[in-house]
Amino acid sequence: MRKVLKIFGWLVLAGVVVLGGFALYVYANRRVDRIMLIDDWFDEPEAYPDWFVMGGEYCPGAPMMFPSDGFIGVGWNDGTPPMYQHTGYDIFSPAGYEADNITPIYAAYDGYLTREGGWRSAVIIRHPDFDDLPEITNGEQIWTYYTHMASADGETSYIELDFPRGTREKFVEAGTLLGYQGTWSGRPTPIALHLHFSVVETTASGGYADETQISNTYDPAPFLGIEEWDDGILRCRPG
Ligand SMILES: [Zn+2]
């Protein structure tokens with residue numbers, strides 16, 4: 001009897017492992033599915049008008065303005081942990097894979113803009129007074145980060161001239177033009193045209209946390225009024 005119980009126990013354990021593995025596989029691939037649509041989008045963006053979110057406008061009831069035109073092809077936490085977890089939204093312009101310096105990027109919320117001296121393609125905005133989502137932020141200061149605003153070789157910045165390297169704490173209103181989408185990846189190999197946008201936590205000393213760690217970021221969805229629909233597309237939640 002004891003032996004039978006033992007075998008039964010092992011069978012249950014094996015079942016849990018198999019089912020868990022399958023669930024993980026489905027989960028990971030759901031996320032990959034969205035990323036796989038990016039090529040379709042670039043091939044024929046006009047074929048997918050319902051994937052498009054308009055930059056400079058607000059999804060119904062959202063506290064933050066949508067920061068650029070396009071399809072959210074990579075969402076927050078997309079990827080396969082622990083190897084890779086995406087820390088924000090990648091918004092792919094309908095202008096085309098390499099159509100640099102055309103698609104505007106806007107400040108999502110009033111705040112104070114900083115561009116570090118070494119930043120070719122990125123700016124970050126401090127939002128000390130963000131209290132629209134107290135259940136998420138506890139009313140604490142947050143930051144929004146915007147990057148890939150440079151040419152494929154990194155030589156030409158597409159950030160507005162108002163924000164040269166070394167800019168610190170310059171006040172900008174929501175909707176201020178920050179620059180344009182580019183293809184600079186930070187490496188010699190360019191990336192497909194998009195804006196990487198993230199919502200970043202504040203460190204104990206009041207600075208911005210390391211945006212490359214997902215634990216230092218918030219899911220941008222509630223800030224932008226976005227939700228994942230049944231078809232896996234991230235778009236404005238119904239008003
Ligand atoms: Zn990204």
# chains A, B, ... in the order shown; residues from 1 in each chain; ligands from 1
$ closest_atom_pairs --of "chain A" --to "ligand 1" --cutoff "10 Å" --atoms "only C-alpha atoms and all ligand atoms" --output "CSV"
residue,atom,partner,partner_atom_place_in_ligand_line,distance
A:Ile72,CA,ligand 1,1 (Zn),9.9
A:Gly73,CA,ligand 1,1 (Zn),9.3
A:Val74,CA,ligand 1,1 (Zn),6.9
A:Gly75,CA,ligand 1,1 (Zn),8.2
A:Trp76,CA,ligand 1,1 (Zn),8.6
A:Asp78,CA,ligand 1,1 (Zn),9.8
A:Gln85,CA,ligand 1,1 (Zn),9.8
A:His86,CA,ligand 1,1 (Zn),6.3
A:Thr87,CA,ligand 1,1 (Zn),6.8
A:Gly88,CA,ligand 1,1 (Zn),5.9
A:Tyr89,CA,ligand 1,1 (Zn),5.9
A:Asp90,CA,ligand 1,1 (Zn),4.6
A:Ile91,CA,ligand 1,1 (Zn),8.2
A:Tyr146,CA,ligand 1,1 (Zn),9.5
A:Thr147,CA,ligand 1,1 (Zn),8.3
A:His148,CA,ligand 1,1 (Zn),8.9
A:Ser185,CA,ligand 1,1 (Zn),9.8
A:His194,CA,ligand 1,1 (Zn),8.2
A:Leu195,CA,ligand 1,1 (Zn),7.3
A:His196,CA,ligand 1,1 (Zn),4.3
A:Phe197,CA,ligand 1,1 (Zn),6.9
A:Ser198,CA,ligand 1,1 (Zn),8.2
A:Thr212,CA,ligand 1,1 (Zn),9.5
$ closest_atom_pairs --of "range 156-231 of chain A" --to "range 56-69 of chain A" --cutoff "9 Å" --atoms "only C-alpha atoms" --output "JSON lines"
{"residue": "A:Ala174", "atom": "CA", "partner": "A:Met65", "partner_atom": "CA", "distance": 7.0}
{"residue": "A:Gly175", "atom": "CA", "partner": "A:Gly56", "partner_atom": "CA", "distance": 6.0}
{"residue": "A:Tyr180", "atom": "CA", "partner": "A:Ser68", "partner_atom": "CA", "distance": 8.7}
{"residue": "A:Gln181", "atom": "CA", "partner": "A:Ser68", "partner_atom": "CA", "distance": 8.3}
{"residue": "A:His194", "atom": "CA", "partner": "A:Ser68", "partner_atom": "CA", "distance": 9.0}
{"residue": "A:Leu195", "atom": "CA", "partner": "A:Ser68", "partner_atom": "CA", "distance": 7.2}
{"residue": "A:Phe197", "atom": "CA", "partner": "A:Pro67", "partner_atom": "CA", "distance": 7.8}
{"residue": "A:Pro222", "atom": "CA", "partner": "A:Ala62", "partner_atom": "CA", "distance": 7.1}
{"residue": "A:Phe223", "atom": "CA", "partner": "A:Met64", "partner_atom": "CA", "distance": 5.6}
{"residue": "A:Leu224", "atom": "CA", "partner": "A:Met64", "partner_atom": "CA", "distance": 5.1}
{"residue": "A:Gly225", "atom": "CA", "partner": "A:Ala62", "partner_atom": "CA", "distance": 4.5}
{"residue": "A:Ile226", "atom": "CA", "partner": "A:Cys59", "partner_atom": "CA", "distance": 7.1}
$ atom_distance --atom1 "CA of Trp119 in chain A" --atom2 "CA of Ser157 in chain A"
9.4 Å
$ residues_around --residues "Asp110 in chain A" --least-positions-apart "6" --cutoff "8 Å" --atoms "only C-alpha atoms" --output "ChimeraX atom specification"
/A:127,171-174
$ select_by_dssp --residues "range 84-139 of chain A" --states "helix (DSSP H, G or I)" --output "ChimeraX atom specification"
/A:134-137
$ decode --residues "range 49-91 of chain A" --atoms "N, CA and C atoms" --output "PDB file, in the first residue's frame"
ATOM      1  N   PRO A  49      -5.366  49.226 -38.384  1.00  0.00           N
ATOM      2  CA  PRO A  49      -5.671  50.512 -37.725  1.00  0.00           C
ATOM      3  C   PRO A  49      -6.038  50.345 -36.250  1.00  0.00           C
ATOM      4  N   ASP A  50      -6.537  49.173 -35.889  1.00  0.00           N
ATOM      5  CA  ASP A  50      -6.941  48.985 -34.487  1.00  0.00           C
ATOM      6  C   ASP A  50      -5.763  48.614 -33.588  1.00  0.00           C
ATOM      7  N   TRP A  51      -4.546  48.556 -34.121  1.00  0.00           N
ATOM      8  CA  TRP A  51      -3.350  48.382 -33.282  1.00  0.00           C
ATOM      9  C   TRP A  51      -2.736  49.736 -32.946  1.00  0.00           C
ATOM     10  N   PHE A  52      -3.209  50.757 -33.614  1.00  0.00           N
ATOM     11  CA  PHE A  52      -2.573  52.072 -33.560  1.00  0.00           C
ATOM     12  C   PHE A  52      -3.062  52.864 -32.355  1.00  0.00           C
ATOM     13  N   VAL A  53      -2.119  53.481 -31.640  1.00  0.00           N
ATOM     14  CA  VAL A  53      -2.475  54.438 -30.600  1.00  0.00           C
ATOM     15  C   VAL A  53      -1.834  55.764 -30.980  1.00  0.00           C
ATOM     16  N   MET A  54      -2.604  56.836 -30.826  1.00  0.00           N
ATOM     17  CA  MET A  54      -2.202  58.160 -31.309  1.00  0.00           C
ATOM     18  C   MET A  54      -1.389  58.907 -30.256  1.00  0.00           C
ATOM     19  N   GLY A  55      -0.176  59.322 -30.620  1.00  0.00           N
ATOM     20  CA  GLY A  55       0.646  60.141 -29.742  1.00  0.00           C
ATOM     21  C   GLY A  55       0.013  61.507 -29.533  1.00  0.00           C
ATOM     22  N   GLY A  56       0.215  62.052 -28.335  1.00  0.00           N
ATOM     23  CA  GLY A  56      -0.314  63.387 -28.039  1.00  0.00           C
ATOM     24  C   GLY A  56      -1.764  63.372 -27.609  1.00  0.00           C
ATOM     25  N   GLU A  57      -2.376  62.203 -27.538  1.00  0.00           N
ATOM     26  CA  GLU A  57      -3.759  62.103 -27.079  1.00  0.00           C
ATOM     27  C   GLU A  57      -3.817  61.233 -25.822  1.00  0.00           C
ATOM     28  N   TYR A  58      -4.950  61.320 -25.151  1.00  0.00           N
ATOM     29  CA  TYR A  58      -5.149  60.546 -23.923  1.00  0.00           C
ATOM     30  C   TYR A  58      -6.106  59.388 -24.197  1.00  0.00           C
ATOM     31  N   CYS A  59      -5.762  58.208 -23.730  1.00  0.00           N
ATOM     32  CA  CYS A  59      -6.755  57.139 -23.669  1.00  0.00           C
ATOM     33  C   CYS A  59      -7.803  57.562 -22.626  1.00  0.00           C
ATOM     34  N   PRO A  60      -9.032  57.089 -22.743  1.00  0.00           N
ATOM     35  CA  PRO A  60     -10.094  57.527 -21.831  1.00  0.00           C
ATOM     36  C   PRO A  60      -9.709  57.387 -20.358  1.00  0.00           C
ATOM     37  N   GLY A  61      -9.786  58.505 -19.646  1.00  0.00           N
ATOM     38  CA  GLY A  61      -9.549  58.491 -18.199  1.00  0.00           C
ATOM     39  C   GLY A  61      -8.107  58.365 -17.771  1.00  0.00           C
ATOM     40  N   ALA A  62      -7.160  58.386 -18.703  1.00  0.00           N
ATOM     41  CA  ALA A  62      -5.748  58.177 -18.346  1.00  0.00           C
ATOM     42  C   ALA A  62      -5.127  59.458 -17.807  1.00  0.00           C
ATOM     43  N   PRO A  63      -4.266  59.344 -16.784  1.00  0.00           N
ATOM     44  CA  PRO A  63      -3.582  60.544 -16.304  1.00  0.00           C
ATOM     45  C   PRO A  63      -2.466  61.026 -17.227  1.00  0.00           C
ATOM     46  N   MET A  64      -1.837  60.097 -17.960  1.00  0.00           N
ATOM     47  CA  MET A  64      -0.717  60.491 -18.824  1.00  0.00           C
ATOM     48  C   MET A  64      -1.109  60.440 -20.294  1.00  0.00           C
ATOM     49  N   MET A  65      -0.544  61.391 -21.044  1.00  0.00           N
ATOM     50  CA  MET A  65      -0.720  61.440 -22.488  1.00  0.00           C
ATOM     51  C   MET A  65       0.071  60.317 -23.154  1.00  0.00           C
ATOM     52  N   PHE A  66      -0.472  59.756 -24.221  1.00  0.00           N
ATOM     53  CA  PHE A  66       0.285  58.729 -24.951  1.00  0.00           C
ATOM     54  C   PHE A  66       1.461  59.425 -25.649  1.00  0.00           C
ATOM     55  N   PRO A  67       2.720  58.937 -25.453  1.00  0.00           N
ATOM     56  CA  PRO A  67       3.884  59.746 -25.813  1.00  0.00           C
ATOM     57  C   PRO A  67       4.308  59.730 -27.281  1.00  0.00           C
ATOM     58  N   SER A  68       3.778  58.804 -28.105  1.00  0.00           N
ATOM     59  CA  SER A  68       4.186  58.808 -29.512  1.00  0.00           C
ATOM     60  C   SER A  68       3.186  57.981 -30.314  1.00  0.00           C
ATOM     61  N   ASP A  69       3.230  58.131 -31.636  1.00  0.00           N
ATOM     62  CA  ASP A  69       2.330  57.371 -32.510  1.00  0.00           C
ATOM     63  C   ASP A  69       2.828  55.948 -32.689  1.00  0.00           C
ATOM     64  N   GLY A  70       1.920  54.994 -32.659  1.00  0.00           N
ATOM     65  CA  GLY A  70       2.337  53.668 -33.085  1.00  0.00           C
ATOM     66  C   GLY A  70       1.648  52.511 -32.400  1.00  0.00           C
ATOM     67  N   PHE A  71       2.256  51.353 -32.624  1.00  0.00           N
ATOM     68  CA  PHE A  71       1.786  50.059 -32.122  1.00  0.00           C
ATOM     69  C   PHE A  71       2.697  49.646 -30.965  1.00  0.00           C
ATOM     70  N   ILE A  72       2.084  49.275 -29.850  1.00  0.00           N
ATOM     71  CA  ILE A  72       2.876  48.829 -28.695  1.00  0.00           C
ATOM     72  C   ILE A  72       3.253  47.364 -28.945  1.00  0.00           C
ATOM     73  N   GLY A  73       4.388  47.172 -29.601  1.00  0.00           N
ATOM     74  CA  GLY A  73       4.797  45.829 -30.011  1.00  0.00           C
ATOM     75  C   GLY A  73       5.499  45.033 -28.928  1.00  0.00           C
ATOM     76  N   VAL A  74       6.050  45.740 -27.943  1.00  0.00           N
ATOM     77  CA  VAL A  74       6.654  45.064 -26.806  1.00  0.00           C
ATOM     78  C   VAL A  74       6.102  45.727 -25.554  1.00  0.00           C
ATOM     79  N   GLY A  75       5.456  44.934 -24.723  1.00  0.00           N
ATOM     80  CA  GLY A  75       4.843  45.464 -23.515  1.00  0.00           C
ATOM     81  C   GLY A  75       5.748  45.336 -22.307  1.00  0.00           C
ATOM     82  N   TRP A  76       5.260  45.852 -21.203  1.00  0.00           N
ATOM     83  CA  TRP A  76       6.007  45.755 -19.941  1.00  0.00           C
ATOM     84  C   TRP A  76       6.014  44.305 -19.465  1.00  0.00           C
ATOM     85  N   ASN A  77       7.166  43.811 -19.067  1.00  0.00           N
ATOM     86  CA  ASN A  77       7.348  42.448 -18.573  1.00  0.00           C
ATOM     87  C   ASN A  77       7.281  41.413 -19.697  1.00  0.00           C
ATOM     88  N   ASP A  78       7.196  41.843 -20.956  1.00  0.00           N
ATOM     89  CA  ASP A  78       7.314  40.888 -22.064  1.00  0.00           C
ATOM     90  C   ASP A  78       8.734  40.324 -22.055  1.00  0.00           C
ATOM     91  N   GLY A  79       8.843  39.092 -22.497  1.00  0.00           N
ATOM     92  CA  GLY A  79      10.146  38.433 -22.486  1.00  0.00           C
ATOM     93  C   GLY A  79      10.067  37.175 -21.652  1.00  0.00           C
ATOM     94  N   THR A  80      11.195  36.521 -21.507  1.00  0.00           N
ATOM     95  CA  THR A  80      11.220  35.266 -20.773  1.00  0.00           C
ATOM     96  C   THR A  80      12.115  35.424 -19.557  1.00  0.00           C
ATOM     97  N   PRO A  81      11.508  35.626 -18.398  1.00  0.00           N
ATOM     98  CA  PRO A  81      12.346  35.744 -17.202  1.00  0.00           C
ATOM     99  C   PRO A  81      13.032  34.418 -16.895  1.00  0.00           C
ATOM    100  N   PRO A  82      14.204  34.416 -16.286  1.00  0.00           N
ATOM    101  CA  PRO A  82      14.903  35.608 -15.798  1.00  0.00           C
ATOM    102  C   PRO A  82      15.849  36.220 -16.843  1.00  0.00           C
ATOM    103  N   MET A  83      15.885  35.640 -18.059  1.00  0.00           N
ATOM    104  CA  MET A  83      16.830  36.153 -19.059  1.00  0.00           C
ATOM    105  C   MET A  83      16.501  37.584 -19.462  1.00  0.00           C
ATOM    106  N   TYR A  84      15.225  37.847 -19.701  1.00  0.00           N
ATOM    107  CA  TYR A  84      14.869  39.153 -20.226  1.00  0.00           C
ATOM    108  C   TYR A  84      13.455  39.519 -19.839  1.00  0.00           C
ATOM    109  N   GLN A  85      13.285  40.683 -19.271  1.00  0.00           N
ATOM    110  CA  GLN A  85      11.958  41.207 -18.972  1.00  0.00           C
ATOM    111  C   GLN A  85      11.955  42.673 -19.381  1.00  0.00           C
ATOM    112  N   HIS A  86      11.082  43.020 -20.290  1.00  0.00           N
ATOM    113  CA  HIS A  86      11.066  44.373 -20.832  1.00  0.00           C
ATOM    114  C   HIS A  86      10.513  45.352 -19.798  1.00  0.00           C
ATOM    115  N   THR A  87      11.175  46.495 -19.667  1.00  0.00           N
ATOM    116  CA  THR A  87      10.863  47.407 -18.561  1.00  0.00           C
ATOM    117  C   THR A  87       9.873  48.510 -18.913  1.00  0.00           C
ATOM    118  N   GLY A  88       9.428  48.546 -20.168  1.00  0.00           N
ATOM    119  CA  GLY A  88       8.495  49.621 -20.535  1.00  0.00           C
ATOM    120  C   GLY A  88       7.657  49.222 -21.731  1.00  0.00           C
ATOM    121  N   TYR A  89       7.225  50.235 -22.489  1.00  0.00           N
ATOM    122  CA  TYR A  89       6.505  49.992 -23.744  1.00  0.00           C
ATOM    123  C   TYR A  89       7.421  50.372 -24.910  1.00  0.00           C
ATOM    124  N   ASP A  90       7.477  49.526 -25.933  1.00  0.00           N
ATOM    125  CA  ASP A  90       8.111  49.912 -27.195  1.00  0.00           C
ATOM    126  C   ASP A  90       6.995  50.280 -28.170  1.00  0.00           C
ATOM    127  N   ILE A  91       7.001  51.527 -28.605  1.00  0.00           N
ATOM    128  CA  ILE A  91       5.944  52.049 -29.480  1.00  0.00           C
ATOM    129  C   ILE A  91       6.530  52.223 -30.874  1.00  0.00           C
TER     130      ILE A  91
END
